[in-house]
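Student: To start, I am sharing the structure in question, which I have written as structure tokens.
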Amino acid sequence: MGFSDLSGGQEAARATAGRMLAAVAHRGPDGSNWCHHRGVTFGHCALTFVDPARGRQPFVSASGATALVLNGEIYNHEDLRLELRAAGARLRTRSDTEVLVELYERYGMKVLDKVRGMYAFVLHDARTATTVLVRDPMGKKPLYYTRVPGGIAFASELTALLRHPDAPRTPDVRALAGYLTLQAFCAPGSAVSGVHKVRPGSYLEHSDGELREVEFWRPRLTPAGAPVPGRREAAARFEELFRAAVARRVTSTERRLGVLLSGGLDSSAVAAAAQQLSPQRPALTFSAGFEEPDFDESAHARAVARHLGTEHHVVRIGGRDLAEVVESEYAGADEPLADPSLLPTRIVCQAARQQVRGVLTGDGADELLLGYRYFQAERAIELLLRLMPAPRLEALVRILVRGLPTRSGNLPVAAALGLLARGLRAAPEHRFYLSTAPFVPAELPGLLRPDARAALTGHDPFAEISRLLDGQPGLTGVQRSQLAVVAHFLRDVILTKTDRGGMRSALELRAPFLDLDLVEYVNTLPTALKLRRFTGKYLLRRVAADWLPTDIVRRTKLGFRAPLAALLRHELRPLLLDTLSAPALDRGGLFGARAVQLLVDDHLSGRRDTSRKLWALLTYQLWYQTLSTHTLSPACLDLTEESRRAP
């Protein structure tokens, strides 16, 4: 975190830094530090993986011209260190932060072409009086900022930023509308008007009171009709890059890492590759075991662990455990997120942190390799629309879905097809969201109060998706859908969930499937090498067939979910009724009490399942009710002994 501070008043800066750092102390229990660098105050809470004694942040370059704070890890720092030394640099530490700042002084922002990792970092270059805010290509680490008198303030979490005395504190209604459809406050917006997120793959330069945004990377897919590599060649290259991605994350630190093992193909492949790196020492694997059978994959995870020979740990999770996370953390948590799988993620991460400070995950494989059932459904729609008009297809799907059994924990392909059919007449890049949204845009006027409703005029929740697709002609419907899922569901929902679920316990989650080299290669491949007929993750299944039991390679994805409907009817019922009661909503809230009450009554009576809608509302309202409390909290880290002024 940090802020422009041209006055240089040390006591005031220390107090503000202390308040802001206290809000993110959970992210770095290895010590906190701050410095004032020629008009900018920096603060940092450390979670160290490399050279903890000498690599403390904020880090100032050998020349004294540049100060930097880094959240995340630069995985290829050893190779880059060799490059620096060959160029004559005399490095003082083994830390990745020093490598980053010294490379910047030699190459400027071209340093981003060299680094591989997950990161958000901010630097101040005194040579040009410029502050630069950077976020990695996939957006694995968060970075918020706002304008304040004299410049800007920034932080890894919204809660920390709002502890700056000049930060705005008014909820953003237009961003709320996007949240109710997309399940997250998507970059570059936030839950607070005037507070923004740095877009993934972008950096902001602040100089002379002006902000300039530069996008240095965006996902691009090769249009249909491009030359197609052979399956054997593609599988060999995919395996090479995947193994390198796992190795890069494991060998970049001397700390022992674990694996979050669900029992599905993605995390099982990661566990297999990780175990192969150290065959003499069992890898540590962690999985969730749910009381609800429809949500429980722990038996599959145990089978994979036995096959690979890992040291496996199962974390048993019941409804009361999930409810306790909500009751103890959500009121003071960071920006609202309407993904209930954050609850079990938080619990498993908490358990894993007792033994390791970092874990590998299978995140990103479904988006990269078209593993979601929705992509299969999109393929089916793409084919069927060639044979019949949309209205007839809608009617046909509804007839088919009526005869299907329903399950709460899984989503059969025909059910996914039925969901997508709700948005059948929409653009392919909108269908995923229209079919899974807690609230579609047309429902919002009836949900919001009249004064809040007025802010929706002209609002487009899909503006960022349109921007991402701009300049990428010739893509199929499946490809457009894939880029849309990456734009928000992966970047703003999944990666926000993993960062928050892990970092609340100071546990770092590393995602090999989102290695930039692997992502860029797979994005050049045709859809047929990812979704073969109606089987997703084709290349991964082919490669993993030599590592894993056949039933794991072939089994249908269950997905990491929480039993939300039952949770709201039972363990969370008192909290739901209290938080979404008419008096609570009337206290300056944004939602109409009558509309919300109908949703509550329908769900609790069993007339219909409105749990996704209620969860989005509950999560937001818990945050909203404590907005003024946690932003003005006097809690402060004692930085008296840590304070220093950079040269």
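Note on naming: chains are A, B, ... as they come in the structure tokens, residues start from 1 per chain, ligands start from 1 in the order shown.
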Any chance you could tabulate, as a tab-separated table, the residues of range 321-406 of chain A at most 12 Å from range 34-50 of chain A with each one's nearest atom pair and distance in Å to one decimal, using only C-alpha atoms, in chain and rising number order?
Tutor:
```
residue	atom	partner	partner_atom	distance
A:Val356	CA	A:Phe49	CA	11.1
A:Arg357	CA	A:Leu47	CA	8.3
A:Gly358	CA	A:Phe49	CA	8.9
```
Student: Each residue of range 171-263 of chain A with at least one atom at most 12 Å from range 571-594 of chain A should appear once, together with its nearest atom pair and the corresponding distance in Å (one decimal); atoms considered: only C-alpha atoms; ordering: chain, then increasing residue number; output as JSON lines.
Tutor:
```
{"residue": "A:Pro171", "atom": "CA", "partner": "A:Leu590", "partner_atom": "CA", "distance": 9.4}
{"residue": "A:Asp172", "atom": "CA", "partner": "A:Leu590", "partner_atom": "CA", "distance": 10.4}
{"residue": "A:Val173", "atom": "CA", "partner": "A:Leu590", "partner_atom": "CA", "distance": 8.2}
{"residue": "A:Arg174", "atom": "CA", "partner": "A:Leu590", "partner_atom": "CA", "distance": 11.5}
{"residue": "A:Leu176", "atom": "CA", "partner": "A:Leu590", "partner_atom": "CA", "distance": 9.5}
{"residue": "A:Ala177", "atom": "CA", "partner": "A:Leu590", "partner_atom": "CA", "distance": 10.8}
{"residue": "A:Leu180", "atom": "CA", "partner": "A:Phe591", "partner_atom": "CA", "distance": 11.6}
```
Student: Those selected residues, please, written with all heavy atoms and delivered as an mmCIF file, in the first residue's frame.
Tutor:
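Final file, again24.cif:
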```cif
data_model
loop_
_atom_site.group_PDB
_atom_site.id
_atom_site.type_symbol
_atom_site.label_atom_id
_atom_site.label_comp_id
_atom_site.auth_asym_id
_atom_site.auth_seq_id
_atom_site.Cartn_x
_atom_site.Cartn_y
_atom_site.Cartn_z
ATOM 1 N N PRO A 171 -20.890 4.222 -2.048
ATOM 2 C CA PRO A 171 -21.081 3.049 -2.914
ATOM 3 C C PRO A 171 -21.362 3.447 -4.360
ATOM 4 O O PRO A 171 -22.035 4.449 -4.620
ATOM 5 C CB PRO A 171 -22.296 2.350 -2.292
ATOM 6 C CG PRO A 171 -22.300 2.794 -0.877
ATOM 7 C CD PRO A 171 -21.795 4.207 -0.890
ATOM 8 N N ASP A 172 -20.838 2.682 -5.277
ATOM 9 C CA ASP A 172 -21.020 2.926 -6.709
ATOM 10 C C ASP A 172 -22.187 2.078 -7.203
ATOM 11 O O ASP A 172 -22.079 0.850 -7.304
ATOM 12 C CB ASP A 172 -19.735 2.564 -7.461
ATOM 13 C CG ASP A 172 -19.769 2.993 -8.922
ATOM 14 O OD1 ASP A 172 -20.859 2.958 -9.525
ATOM 15 O OD2 ASP A 172 -18.708 3.361 -9.456
ATOM 16 N N VAL A 173 -23.310 2.715 -7.531
ATOM 17 C CA VAL A 173 -24.519 1.988 -7.912
ATOM 18 C C VAL A 173 -24.345 1.309 -9.262
ATOM 19 O O VAL A 173 -24.807 0.181 -9.476
ATOM 20 C CB VAL A 173 -25.735 2.929 -7.921
ATOM 21 C CG1 VAL A 173 -26.993 2.177 -8.350
ATOM 22 C CG2 VAL A 173 -25.943 3.530 -6.541
ATOM 23 N N ARG A 174 -23.686 1.956 -10.198
ATOM 24 C CA ARG A 174 -23.487 1.334 -11.513
ATOM 25 C C ARG A 174 -22.594 0.094 -11.393
ATOM 26 O O ARG A 174 -22.844 -0.928 -12.039
ATOM 27 C CB ARG A 174 -22.889 2.346 -12.491
ATOM 28 C CG ARG A 174 -23.872 3.463 -12.851
ATOM 29 C CD ARG A 174 -23.181 4.553 -13.648
ATOM 30 N NE ARG A 174 -22.857 4.150 -14.999
ATOM 31 C CZ ARG A 174 -23.685 4.235 -16.035
ATOM 32 N NH1 ARG A 174 -24.913 4.704 -15.864
ATOM 33 N NH2 ARG A 174 -23.324 3.872 -17.237
ATOM 34 N N LEU A 176 -22.430 -1.684 -8.708
ATOM 35 C CA LEU A 176 -23.291 -2.653 -8.027
ATOM 36 C C LEU A 176 -24.148 -3.404 -9.033
ATOM 37 O O LEU A 176 -24.337 -4.623 -8.918
ATOM 38 C CB LEU A 176 -24.176 -1.941 -7.007
ATOM 39 C CG LEU A 176 -25.304 -2.755 -6.375
ATOM 40 C CD1 LEU A 176 -24.755 -3.941 -5.599
ATOM 41 C CD2 LEU A 176 -26.166 -1.878 -5.471
ATOM 42 N N ALA A 177 -24.661 -2.704 -10.041
ATOM 43 C CA ALA A 177 -25.466 -3.361 -11.073
ATOM 44 C C ALA A 177 -24.647 -4.426 -11.799
ATOM 45 O O ALA A 177 -25.138 -5.518 -12.100
ATOM 46 C CB ALA A 177 -25.989 -2.318 -12.060
ATOM 47 N N LEU A 180 -24.272 -7.539 -9.517
ATOM 48 C CA LEU A 180 -25.467 -8.366 -9.402
ATOM 49 C C LEU A 180 -25.640 -9.276 -10.619
ATOM 50 O O LEU A 180 -26.346 -10.284 -10.547
ATOM 51 C CB LEU A 180 -26.698 -7.488 -9.219
ATOM 52 C CG LEU A 180 -26.754 -6.737 -7.874
ATOM 53 C CD1 LEU A 180 -27.890 -5.730 -7.877
ATOM 54 C CD2 LEU A 180 -26.893 -7.714 -6.711
#
```
Student: Write out as number ranges by chain all residues of range 117-304 of chain A that DSSP puts in strand (DSSP E or B) for this structure's backbone.
Tutor: A: 117-125, 130-135, 144-148, 151-155, 171, 184, 192, 195-197, 202-207, 210-215, 258-260, 284-290
Student: Measuring between only C-alpha atoms, which one of A:Asp470, A:Asp546, A:Glu239, A:Glu367 shows the shortest distance to Phe489 in chain A?
Tutor: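 Closest candidate: A:Glu367.
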Student: Please indicate the distance in Å from CA of Ala234 in chain A to CA of Leu80 in chain A, rounded to one decimal place.
Tutor: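 Spanning CA of Ala234 in chain A to CA of Leu80 in chain A is a straight-line distance of 28.4 Å.
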Student: Which is closest to Ser505 in chain A among A:Ser267, A:Pro52, A:Gln355, A:Ala299, if we use only C-alpha atoms?
Tutor: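 Of the candidates, the smallest distance to Ser505 in chain A is held by A:Gln355.
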Student: Mind giving me the straight-line distance from CA of Ser611 in chain A to CA of Thr498 in chain A in Å, one decimal?
Tutor: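 Computing the Euclidean distance for CA of Ser611 in chain A and CA of Thr498 in chain A yields 21.9 Å.
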Student: From a DSSP calculation on the backbone, collect every residue of range 538-613 of chain A in alpha helix (DSSP H) and output the set as a count of residues only.
Tutor: 46
Student: Which is closer to Val543 in chain A than all the others in A:Phe242, A:His206, A:Trp217, A:Ala175, using only C-alpha atoms?
Tutor: A:Phe242
Student: Restricting the calculation to only C-alpha atoms: of A:Arg379, A:Lys140, A:Arg425, A:Lys110, which residue gets closest to Arg500 in chain A?
Tutor: A:Lys140
Student: Would you please work out which residue, of A:Tyr75, A:Phe154, A:Tyr203, A:Phe185, is nearest to Thr251 in chain A when using only C-alpha atoms?
Tutor: A:Tyr75
